[in-house]
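Structure data (mmCIF, C-alpha atoms) from work-v1.cif:
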```cif
data_target
loop_
_atom_site.label_atom_id
_atom_site.label_comp_id
_atom_site.auth_asym_id
_atom_site.auth_seq_id
_atom_site.Cartn_x
_atom_site.Cartn_y
_atom_site.Cartn_z
CA MET E 1 29.02 -3.94 -8.44
CA LYS E 2 26.05 -5.26 -10.42
CA GLU E 3 27.49 -8.75 -10.66
CA SER E 4 28.40 -8.71 -6.98
CA ILE E 5 24.81 -7.82 -6.07
CA LYS E 6 23.41 -10.52 -8.36
CA SER E 7 25.77 -13.08 -6.88
CA LEU E 8 24.85 -12.16 -3.31
CA ALA E 9 21.13 -12.12 -4.12
CA LYS E 10 21.45 -15.65 -5.46
CA GLN E 11 23.57 -16.70 -2.49
CA TYR E 12 21.00 -15.40 0.01
CA ALA E 13 17.89 -16.44 -1.96
CA ALA E 14 17.17 -19.54 0.11
CA ASP E 15 17.50 -17.56 3.36
CA ILE E 16 15.22 -14.84 2.04
CA ILE E 17 12.61 -17.46 1.12
CA GLN E 18 12.81 -18.98 4.61
CA THR E 19 12.42 -15.52 6.13
CA ARG E 20 9.35 -14.88 4.01
CA ARG E 21 7.84 -18.23 4.98
CA HIS E 22 8.37 -17.54 8.67
CA LEU E 23 6.66 -14.18 8.33
CA HIS E 24 3.86 -15.68 6.26
CA ALA E 25 3.19 -18.34 8.89
CA HIS E 26 3.13 -15.79 11.71
CA PRO E 27 1.15 -12.79 10.43
CA GLU E 28 0.10 -9.86 12.61
CA LEU E 29 -2.52 -7.22 11.98
CA SER E 30 -1.85 -3.51 11.47
CA PHE E 31 -0.17 -1.77 14.42
CA ASN E 32 0.13 -5.09 16.26
CA GLU E 33 3.33 -6.28 14.55
CA HIS E 34 5.18 -6.80 17.85
CA ASN E 35 6.58 -10.27 17.13
CA THR E 36 7.30 -9.31 13.53
CA ALA E 37 9.27 -6.27 14.67
CA ARG E 38 11.28 -8.36 17.14
CA PHE E 39 12.02 -10.91 14.40
CA VAL E 40 13.19 -8.20 12.00
CA ALA E 41 15.33 -6.60 14.72
CA ASP E 42 16.94 -9.95 15.54
CA GLN E 43 17.69 -10.60 11.88
CA LEU E 44 19.37 -7.20 11.55
CA LYS E 45 21.37 -7.58 14.74
CA ALA E 46 22.59 -10.99 13.60
CA ILE E 47 24.44 -9.33 10.70
CA GLY E 48 25.77 -6.49 12.83
CA ILE E 49 23.15 -3.80 12.17
CA GLN E 50 21.63 -2.16 15.25
CA PRO E 51 18.15 -0.89 14.33
CA GLN E 52 16.19 1.89 15.94
CA GLU E 53 13.18 0.10 17.34
CA GLY E 54 9.77 1.36 18.47
CA VAL E 55 9.27 3.94 15.71
CA ALA E 56 5.50 4.41 15.50
CA ASP E 57 5.46 1.69 18.19
CA THR E 58 6.13 -1.35 15.99
CA GLY E 59 8.27 0.14 13.23
CA LEU E 60 12.03 -0.04 12.81
CA VAL E 61 14.69 2.00 11.05
CA ALA E 62 18.16 0.71 10.20
CA ILE E 63 21.15 2.51 8.73
CA ILE E 64 23.86 1.08 6.46
CA GLU E 65 26.71 3.52 6.02
CA GLY E 66 29.05 3.23 3.08
CA ARG E 67 32.10 5.36 2.42
CA ASN E 68 31.50 9.08 2.99
CA PRO E 69 28.12 8.39 4.67
CA GLY E 70 27.06 12.03 4.64
CA GLN E 71 27.42 12.39 0.89
CA ARG E 72 23.90 11.21 -0.03
CA VAL E 73 21.09 9.29 1.69
CA VAL E 74 18.53 7.00 0.07
CA ALA E 75 15.63 5.40 1.94
CA LEU E 76 14.08 2.00 1.16
CA ARG E 77 10.73 0.92 2.59
CA ALA E 78 8.94 -2.33 3.39
CA ASP E 79 5.60 -2.74 5.17
CA MET E 80 5.03 -5.54 7.69
CA ASP E 81 1.33 -5.92 8.50
CA ALA E 82 -1.13 -8.61 7.44
CA LEU E 83 -4.89 -8.66 6.75
CA PRO E 84 -7.93 -10.07 8.59
CA ILE E 85 -8.41 -12.88 6.05
CA HIS E 86 -8.54 -16.63 6.69
CA GLU E 87 -5.97 -18.31 4.46
CA ALA E 88 -7.24 -20.99 2.05
CA ASN E 89 -3.86 -22.08 0.67
CA ASP E 90 -2.60 -25.59 1.46
CA VAL E 91 1.11 -24.87 1.83
CA SER E 92 3.72 -25.74 4.44
CA TYR E 93 4.03 -22.07 5.44
CA LYS E 94 0.26 -21.48 5.75
CA SER E 95 -0.78 -18.91 8.36
CA THR E 96 -0.85 -20.32 11.88
CA VAL E 97 -3.05 -17.44 13.08
CA ASP E 98 -6.74 -18.04 12.55
CA GLY E 99 -8.34 -15.29 10.48
CA VAL E 100 -5.08 -13.43 9.78
CA MET E 101 -3.08 -13.76 6.58
CA HIS E 102 -0.34 -12.07 4.57
CA ALA E 103 -2.68 -11.61 1.62
CA CYS E 104 -0.99 -8.50 0.25
CA GLY E 105 2.63 -9.63 0.10
CA HIS E 106 4.01 -7.58 2.95
CA ASP E 107 5.88 -10.69 4.10
CA ALA E 108 7.65 -10.65 0.74
CA HIS E 109 8.40 -6.94 1.05
CA THR E 110 9.92 -7.37 4.51
CA ALA E 111 11.91 -10.47 3.56
CA SER E 112 13.25 -8.70 0.47
CA LEU E 113 14.36 -5.65 2.46
CA LEU E 114 16.10 -7.91 4.98
CA GLY E 115 17.83 -9.43 1.96
CA VAL E 116 18.86 -5.94 0.87
CA ALA E 117 20.30 -5.36 4.35
CA ARG E 118 22.46 -8.47 4.02
CA ILE E 119 23.64 -7.60 0.51
CA LEU E 120 24.48 -3.95 1.16
CA ASN E 121 26.07 -4.70 4.52
CA VAL E 122 28.58 -6.90 2.72
CA LEU E 123 29.22 -4.25 0.05
CA ARG E 124 29.26 -1.18 2.32
CA ASP E 125 32.92 -0.40 1.56
CA GLN E 126 32.14 -0.31 -2.17
CA PHE E 127 29.63 2.55 -2.32
CA ASP E 128 29.43 6.12 -1.06
CA GLY E 129 26.56 7.41 1.04
CA THR E 130 23.98 5.97 3.40
CA VAL E 131 21.05 3.61 2.90
CA LYS E 132 18.15 3.98 5.31
CA LEU E 133 15.97 0.88 5.72
CA VAL E 134 12.40 1.59 6.83
CA PHE E 135 10.35 -1.33 8.17
CA GLN E 136 6.89 0.13 8.51
CA PRO E 137 3.79 -0.99 10.41
CA GLY E 138 0.14 -0.45 9.59
CA GLU E 139 -0.03 0.08 5.84
CA GLU E 140 -3.47 -1.53 5.66
CA LYS E 141 -5.19 0.62 8.27
CA ALA E 142 -5.84 4.35 8.61
CA PRO E 143 -4.16 6.63 9.46
CA GLY E 144 -1.37 4.56 7.84
CA GLY E 145 1.94 3.69 9.44
CA ALA E 146 3.76 5.87 6.92
CA SER E 147 2.09 9.01 8.24
CA LEU E 148 3.01 8.09 11.81
CA MET E 149 6.63 7.28 10.96
CA ILE E 150 6.97 10.61 9.15
CA LYS E 151 5.66 12.39 12.25
CA GLU E 152 8.26 10.55 14.33
CA GLY E 153 11.09 11.73 12.07
CA VAL E 154 11.77 8.81 9.74
CA LEU E 155 12.63 11.29 6.96
CA GLU E 156 15.11 13.15 9.18
CA ASN E 157 18.50 12.49 10.79
CA PRO E 158 19.66 11.63 8.20
CA ALA E 159 17.23 13.02 5.64
CA PRO E 160 16.97 10.98 2.41
CA VAL E 161 17.05 12.73 -0.95
CA SER E 162 14.84 10.00 -2.36
CA MET E 163 12.77 7.02 -1.27
CA ILE E 164 12.11 3.74 -3.07
CA GLY E 165 9.47 1.12 -2.36
CA GLN E 166 8.28 -2.03 -4.09
CA HIS E 167 5.02 -4.00 -4.03
CA VAL E 168 4.21 -7.48 -5.27
CA ALA E 169 2.16 -7.64 -8.48
CA PRO E 170 0.17 -10.84 -9.09
CA ASN E 171 -0.76 -9.59 -12.57
CA ILE E 172 2.90 -9.36 -13.68
CA PRO E 173 4.88 -12.56 -14.42
CA VAL E 174 7.65 -13.45 -12.03
CA GLY E 175 11.00 -12.12 -13.27
CA LYS E 176 9.51 -8.83 -14.43
CA VAL E 177 8.97 -5.45 -12.76
CA GLY E 178 6.78 -2.45 -13.60
CA PHE E 179 7.21 1.34 -13.38
CA ARG E 180 5.07 4.42 -13.95
CA GLU E 181 6.03 8.10 -13.77
CA GLY E 182 3.79 10.68 -12.13
CA MET E 183 0.33 9.80 -10.83
CA TYR E 184 0.08 6.12 -10.04
CA MET E 185 -2.28 5.25 -7.16
CA ALA E 186 -5.39 6.98 -5.83
CA SER E 187 -6.26 8.78 -2.62
CA THR E 188 -8.59 6.71 -0.44
CA ASP E 189 -11.40 8.16 1.64
CA GLU E 190 -14.16 6.23 3.41
CA ILE E 191 -17.78 7.39 3.32
CA TYR E 192 -20.32 6.57 6.03
CA MET E 193 -23.95 7.64 5.73
CA THR E 194 -26.94 7.13 8.02
CA VAL E 195 -30.22 8.06 6.36
CA ARG E 196 -33.10 8.46 8.81
CA GLY E 197 -36.81 8.68 8.20
CA LYS E 198 -39.92 7.21 9.78
CA GLY E 199 -40.46 3.49 9.44
CA GLY E 200 -43.60 1.42 9.63
CA HIS E 201 -45.85 -0.91 7.69
CA ALA E 202 -44.81 -1.23 4.06
CA ALA E 203 -48.47 -1.32 2.96
CA MET E 204 -49.01 2.22 4.27
CA PRO E 205 -46.23 4.30 2.68
CA ASP E 206 -48.30 7.48 3.02
CA ASN E 207 -47.76 7.32 6.78
CA LEU E 208 -43.98 6.90 6.46
CA ILE E 209 -40.82 8.75 5.51
CA ASP E 210 -39.10 5.95 3.64
CA PRO E 211 -35.31 6.01 4.31
CA VAL E 212 -34.75 3.17 1.83
CA LEU E 213 -36.14 5.25 -1.01
CA ILE E 214 -34.24 8.34 0.15
CA ALA E 215 -30.97 6.42 0.42
CA SER E 216 -31.47 4.91 -3.04
CA HIS E 217 -31.94 8.35 -4.59
CA ILE E 218 -28.84 9.63 -2.79
CA ILE E 219 -26.62 6.82 -4.10
CA VAL E 220 -27.75 7.38 -7.68
CA ALA E 221 -27.45 11.16 -7.41
CA LEU E 222 -23.95 11.02 -5.92
CA GLN E 223 -22.66 9.31 -9.06
CA GLN E 224 -23.60 12.43 -11.02
CA ILE E 225 -21.04 14.38 -9.01
CA ILE E 226 -18.34 12.13 -10.46
CA SER E 227 -19.70 12.28 -14.01
CA ARG E 228 -20.62 15.97 -14.07
CA ASN E 229 -18.41 17.85 -11.60
CA ARG E 230 -14.97 16.25 -11.59
CA PRO E 231 -12.32 17.53 -14.02
CA PRO E 232 -12.56 15.18 -17.04
CA ALA E 233 -8.83 14.49 -17.04
CA SER E 234 -8.79 13.56 -13.35
CA PRO E 235 -9.48 9.85 -12.63
CA SER E 236 -12.04 9.37 -9.88
CA VAL E 237 -14.11 6.51 -8.47
CA LEU E 238 -17.08 6.49 -6.09
CA SER E 239 -18.32 3.06 -5.01
CA PHE E 240 -20.65 1.81 -2.30
CA GLY E 241 -20.12 -1.67 -0.92
CA ARG E 242 -22.50 -1.74 2.03
CA PHE E 243 -26.22 -0.80 2.17
CA VAL E 244 -28.11 -2.00 5.24
CA ALA E 245 -31.88 -1.48 5.51
CA ASP E 246 -32.79 -3.76 8.37
CA GLY E 247 -36.46 -4.23 7.59
CA VAL E 248 -38.38 -7.15 6.14
CA THR E 249 -40.79 -7.65 3.24
CA ASN E 250 -43.55 -5.66 4.90
CA VAL E 251 -41.61 -3.43 7.31
CA ILE E 252 -39.82 -0.23 6.38
CA PRO E 253 -36.99 0.51 8.87
CA ASN E 254 -36.38 3.86 10.53
CA GLU E 255 -32.87 4.18 9.10
CA VAL E 256 -30.48 2.93 6.47
CA THR E 257 -26.69 2.77 6.82
CA ILE E 258 -24.37 3.01 3.82
CA GLN E 259 -20.61 2.64 3.44
CA GLY E 260 -18.45 3.44 0.43
CA THR E 261 -15.16 4.72 -0.87
CA PHE E 262 -14.13 7.84 -2.79
CA ARG E 263 -10.87 7.73 -4.74
CA CYS E 264 -9.12 10.23 -6.95
CA MET E 265 -5.73 11.57 -8.07
CA ASN E 266 -6.20 15.30 -7.56
CA GLU E 267 -6.06 16.76 -4.06
CA GLU E 268 -8.06 19.89 -4.98
CA TRP E 269 -10.83 17.83 -6.57
CA ARG E 270 -10.70 15.49 -3.58
CA VAL E 271 -11.69 18.34 -1.24
CA GLU E 272 -14.26 19.77 -3.65
CA GLY E 273 -15.82 16.37 -4.31
CA GLN E 274 -16.20 15.67 -0.61
CA LYS E 275 -17.98 19.00 -0.07
CA ARG E 276 -20.34 18.43 -2.99
CA MET E 277 -21.24 14.90 -1.88
CA LYS E 278 -22.00 15.96 1.67
CA LYS E 279 -24.14 18.89 0.52
CA LEU E 280 -26.08 16.81 -1.99
CA ALA E 281 -26.75 13.89 0.38
CA GLU E 282 -27.91 16.09 3.25
CA GLY E 283 -29.99 18.33 0.97
CA MET E 284 -31.70 15.47 -0.84
CA ALA E 285 -32.60 13.73 2.41
CA GLU E 286 -34.07 16.95 3.79
CA ALA E 287 -36.04 17.59 0.60
CA MET E 288 -37.61 14.14 0.91
CA GLY E 289 -38.50 14.63 4.56
CA GLY E 290 -35.64 12.76 6.20
CA THR E 291 -32.10 13.41 7.36
CA CYS E 292 -28.68 12.17 6.34
CA GLU E 293 -25.67 12.01 8.64
CA PHE E 294 -22.72 12.13 6.21
CA THR E 295 -19.21 11.33 7.50
CA ILE E 296 -15.93 11.12 5.60
CA VAL E 297 -12.91 9.39 7.12
CA HIS E 298 -9.86 10.81 5.38
CA GLY E 299 -7.45 8.15 4.18
CA TYR E 300 -4.24 8.25 2.17
CA PRO E 301 -3.33 10.92 -0.41
CA PHE E 302 -2.67 9.95 -4.01
CA LEU E 303 0.68 8.40 -4.79
CA LYS E 304 2.93 10.21 -7.22
CA ASN E 305 6.17 8.82 -8.60
CA HIS E 306 8.74 11.57 -9.08
CA PRO E 307 9.32 11.65 -12.86
CA GLU E 308 13.11 12.08 -12.88
CA LEU E 309 13.72 9.57 -10.11
CA THR E 310 11.38 7.05 -11.75
CA ARG E 311 13.08 7.46 -15.11
CA ARG E 312 16.44 6.82 -13.45
CA THR E 313 15.27 3.77 -11.51
CA ARG E 314 13.50 2.34 -14.55
CA ALA E 315 16.68 2.72 -16.62
CA GLN E 316 18.69 1.02 -13.87
CA ALA E 317 16.13 -1.79 -13.73
CA VAL E 318 16.59 -2.29 -17.47
CA ASP E 319 20.35 -2.40 -16.92
CA TYR E 320 19.95 -4.97 -14.12
CA MET E 321 17.21 -7.16 -15.63
CA GLY E 322 17.06 -6.45 -19.36
CA ALA E 323 14.54 -4.34 -21.27
CA SER E 324 12.14 -7.23 -21.87
CA ASN E 325 11.68 -7.67 -18.12
CA VAL E 326 10.71 -4.07 -17.36
CA VAL E 327 7.13 -3.07 -18.20
CA ASP E 328 5.06 0.12 -17.99
CA LEU E 329 2.19 0.31 -15.51
CA ASP E 330 -1.30 1.73 -15.91
CA LEU E 331 -2.97 3.97 -13.37
CA TRP E 332 -4.24 1.96 -10.41
CA MET E 333 -7.17 3.21 -8.31
CA ALA E 334 -6.11 1.21 -5.26
CA GLY E 335 -4.49 3.11 -2.40
CA GLU E 336 -1.13 2.81 -0.63
CA ASP E 337 0.20 4.74 2.34
CA PHE E 338 3.59 4.99 0.63
CA ALA E 339 1.76 7.99 -0.86
CA PHE E 340 2.54 9.92 2.33
CA TYR E 341 6.27 9.61 1.61
CA SER E 342 5.72 10.62 -2.02
CA GLN E 343 4.11 13.86 -0.89
CA VAL E 344 7.21 14.80 1.16
CA VAL E 345 10.30 13.38 -0.59
CA ASP E 346 11.12 12.39 -4.19
CA SER E 347 9.78 8.84 -4.37
CA CYS E 348 9.50 5.84 -6.68
CA PHE E 349 7.08 2.97 -6.00
CA TYR E 350 7.39 0.09 -8.45
CA ARG E 351 5.81 -3.36 -8.84
CA LEU E 352 7.51 -6.74 -8.48
CA GLY E 353 6.08 -9.51 -10.62
CA THR E 354 5.01 -12.63 -8.67
CA ARG E 355 2.64 -14.43 -11.08
CA ASN E 356 3.26 -17.96 -12.33
CA GLU E 357 0.33 -19.38 -14.28
CA ALA E 358 2.03 -22.75 -14.79
CA ARG E 359 2.05 -23.24 -11.02
CA GLY E 360 -1.42 -21.78 -10.49
CA ILE E 361 -0.09 -18.72 -8.66
CA VAL E 362 -2.60 -16.26 -10.10
CA SER E 363 -4.80 -15.02 -7.23
CA GLY E 364 -5.08 -11.30 -6.59
CA VAL E 365 -4.06 -9.49 -3.45
CA HIS E 366 -6.55 -9.39 -0.55
CA THR E 367 -7.88 -12.85 -1.41
CA PRO E 368 -7.66 -16.08 0.70
CA THR E 369 -5.66 -17.86 -2.02
CA PHE E 370 -3.06 -15.16 -2.66
CA ASP E 371 0.51 -16.45 -2.88
CA ILE E 372 3.69 -15.59 -4.75
CA ASP E 373 6.26 -17.37 -6.85
CA GLU E 374 9.13 -17.09 -4.40
CA ALA E 375 11.65 -16.75 -7.23
CA ALA E 376 10.53 -13.10 -7.09
CA LEU E 377 12.36 -12.67 -3.78
CA GLU E 378 15.81 -12.95 -5.34
CA THR E 379 14.76 -10.26 -7.82
CA GLY E 380 13.18 -8.16 -5.07
CA ALA E 381 16.30 -8.10 -2.91
CA GLY E 382 18.80 -7.83 -5.74
CA LEU E 383 17.07 -5.14 -7.77
CA MET E 384 16.34 -2.95 -4.75
CA SER E 385 19.98 -3.20 -3.67
CA TRP E 386 21.09 -2.19 -7.17
CA LEU E 387 18.65 0.71 -7.33
CA ALA E 388 19.80 2.01 -3.96
CA VAL E 389 23.47 1.92 -4.87
CA GLN E 390 22.83 3.59 -8.23
CA GLU E 391 20.67 6.28 -6.65
CA LEU E 392 23.43 7.02 -4.15
CA GLY E 393 25.67 7.77 -7.11
CA ALA E 394 23.14 9.93 -8.95
CA VAL E 395 23.90 13.62 -9.44
#
```
Any chance you could put this one into structure tokens?
Amino acid sequence: MKESIKSLAKQYAADIIQTRRHLHAHPELSFNEHNTARFVADQLKAIGIQPQEGVADTGLVAIIEGRNPGQRVVALRADMDALPIHEANDVSYKSTVDGVMHACGHDAHTASLLGVARILNVLRDQFDGTVKLVFQPGEEKAPGGASLMIKEGVLENPAPVSMIGQHVAPNIPVGKVGFREGMYMASTDEIYMTVRGKGGHAAMPDNLIDPVLIASHIIVALQQIISRNRPPASPSVLSFGRFVADGVTNVIPNEVTIQGTFRCMNEEWRVEGQKRMKKLAEGMAEAMGGTCEFTIVHGYPFLKNHPELTRRTRAQAVDYMGASNVVDLDLWMAGEDFAFYSQVVDSCFYRLGTRNEARGIVSGVHTPTFDIDEAALETGAGLMSWLAVQELGAV
């Protein structure tokens, strides 16, 4: 089976690359993946797979039944949305949509899963069980397409015993993959604050309630919640990326707006930290004569890789690729809505190396120059096919 999968992955590699390039050239933003969904559906239908379309509006689900389809079900996931970034790469498959780009590799994820569909469809009489292919919209935007697909029953009828996803990794050389058991990626919450006071002439601060000063104290004080209240063994990050005080050199504004992000890997601390931040910000503003409107937009939960499942998939990756091509991952404080699946079903989310320094393919995700070494696509489709088949046979 392994050699058959490797052979088919190599046979379909050029097609998978062309699929990725088409998707890369025609990106669509979160929850607007209408053309992408139609393209994916057409690709599946062309090989005889009839997908369920319109799940969470622009998502799709496809089923590949092997022998004894009810014996065991495994789900595989790819996300399809792009980012509002103007591409700076000079390549033949450069984005044709101004200000929209596949800067996070979701084109590679989707192309790889379509490759999996082709491989497993050929081999369906050689494995027992059912593979569920999940093509998901809106990973980059709250509330996350994963949460919506779960609500619409993607983990039911048939219900998978496990779910596997992969994500490109520009920090890992092409030809390698990475795994981590347990906690892997952080929860992601957005913080919005409006600090109000009484503006006026900067030369007469005694007549003002300075919201710039209040807001500055709040930002510094909030960091103490992370350093003094969080459990020491629980990773947590609080960062502020936007601070707008729309005055001038001699004018203090009436209000300041602030935006930031709170990330952690402990759901109990997540709730407690939010409460403490809100109380501190509002109380400090009041003590200094102003007010603070503190809003938290709840994002994704933390992503946890099921230990047993991850150990199995890592071992199978070693079998497929060799021990030297499978690496261990560190904690990563970025967020991923695959976390929603991991909170419901045994899940494994691993990284697919796409870096090639010799070719200058080194840019990080969410940047205008992000690209991948497309040799990763043969690995992405082949390995995921192998992991699915092996997981179907797990006991």
So that I can check the surroundings of segment 69-71 of chain E, please list as a count of residues only every protein, DNA and RNA residue that reaches within 9 Å of it, counting all atoms listed in the file and ignoring chain neighbours fewer than 6 positions away. 6
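Atom to atom, atom CA of Gln166 of chain E and atom CA of Ile49 of chain E stand 22.1 Å apart.
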Step by step, work through what the PyMOL selection byres ((chain E and resi 232-235) around 9) selects in the shown file, and finish by giving those residues as a PyMOL selection string. chain E and resi 186+227-231+236-237+263-266+269+331+333
Using the chain letters and residue numbers of this document, give as a list in words the residues selected by the PyMOL selection byres ((chain E and resi 302) around 6). Met185, Ala186, Ser187, Met265, Pro301, Leu303 and Ala339 of chain E
Write out as a PDB file with C-alpha atoms, in the coordinates of the input each polymer residue whose atoms come within 9 Å of Arg77 of chain E, counting only C-alpha atoms; drop sequence neighbours fewer than 4 positions from it.
```
ATOM      1  CA  HIS E 109       8.400  -6.940   1.050  1.00  0.00           C
ATOM      2  CA  THR E 110       9.920  -7.370   4.510  1.00  0.00           C
ATOM      3  CA  LEU E 113      14.360  -5.650   2.460  1.00  0.00           C
ATOM      4  CA  LYS E 132      18.150   3.980   5.310  1.00  0.00           C
ATOM      5  CA  LEU E 133      15.970   0.880   5.720  1.00  0.00           C
ATOM      6  CA  VAL E 134      12.400   1.590   6.830  1.00  0.00           C
ATOM      7  CA  PHE E 135      10.350  -1.330   8.170  1.00  0.00           C
ATOM      8  CA  GLN E 136       6.890   0.130   8.510  1.00  0.00           C
ATOM      9  CA  MET E 163      12.770   7.020  -1.270  1.00  0.00           C
ATOM     10  CA  ILE E 164      12.110   3.740  -3.070  1.00  0.00           C
ATOM     11  CA  GLY E 165       9.470   1.120  -2.360  1.00  0.00           C
ATOM     12  CA  GLN E 166       8.280  -2.030  -4.090  1.00  0.00           C
ATOM     13  CA  PHE E 338       3.590   4.990   0.630  1.00  0.00           C
TER      14      PHE E 338
END
```
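Evaluated against the shown file, the PyMOL selection byres ((chain E and resi 351-365) around 7) gives Ala103, Cys104, Gln166, His167, Val168, Ala169, Pro170, Asn171, Ile172, Pro173, Val174, Gly175, Lys176, Val177, Gly178, Phe179, Tyr350, His366, Thr367, Thr369, Phe370, Asp371, Ile372, Asp373, Ala376 and Gly380 of chain E.
Computed from the coordinates, the atom CA of Tyr320 of chain E to atom CA of Ile47 of chain E distance equals 25.6 Å.
Note that atom CA of Ala202 of chain E and atom CA of Ala221 of chain E are 24.2 Å apart.
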Between E:Arg118, E:Arg72, E:His26, E:His34, smallest distance to Val100 of chain E by all atoms listed in the file belongs to E:His26
Show me the residues around (16.4, 10.4, 2.5) - criterion: an atom at most 8 Å away, all atoms listed in the file counted - as JSON, numbers by chain. {"E": [72, 73, 74, 75, 132, 155, 156, 158, 159, 160, 161, 162, 163, 345]}
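Each of E:Glu282, E:Glu190, E:Asp79, E:Glu272 was compared to Ile218 of chain E using only C-alpha atoms, and E:Glu282 turns out to be the nearest.
Nearest residue to Ile17 of chain E among E:Met284, E:Cys292, E:Val122, E:Leu377 is E:Leu377, counting all atoms listed in the file.
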Of the residues E:Ala117, E:Val97, E:Glu28, E:Thr313, which is the one nearest to Ile5 of chain E, using all atoms listed in the file? E:Ala117
Selection near Ile252 of chain E, 6 Å with all atoms listed in the file, sequence-local residues under 4 positions removed, as a PDB file with C-alpha atoms, in the coordinates of the input:
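Final file, around-v2.pdb:
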```pdb
ATOM      1  CA  GLY E 199     -40.460   3.490   9.440  1.00  0.00           C
ATOM      2  CA  GLY E 200     -43.600   1.420   9.630  1.00  0.00           C
ATOM      3  CA  ALA E 202     -44.810  -1.230   4.060  1.00  0.00           C
ATOM      4  CA  GLY E 247     -36.460  -4.230   7.590  1.00  0.00           C
TER       5      GLY E 247
END
```
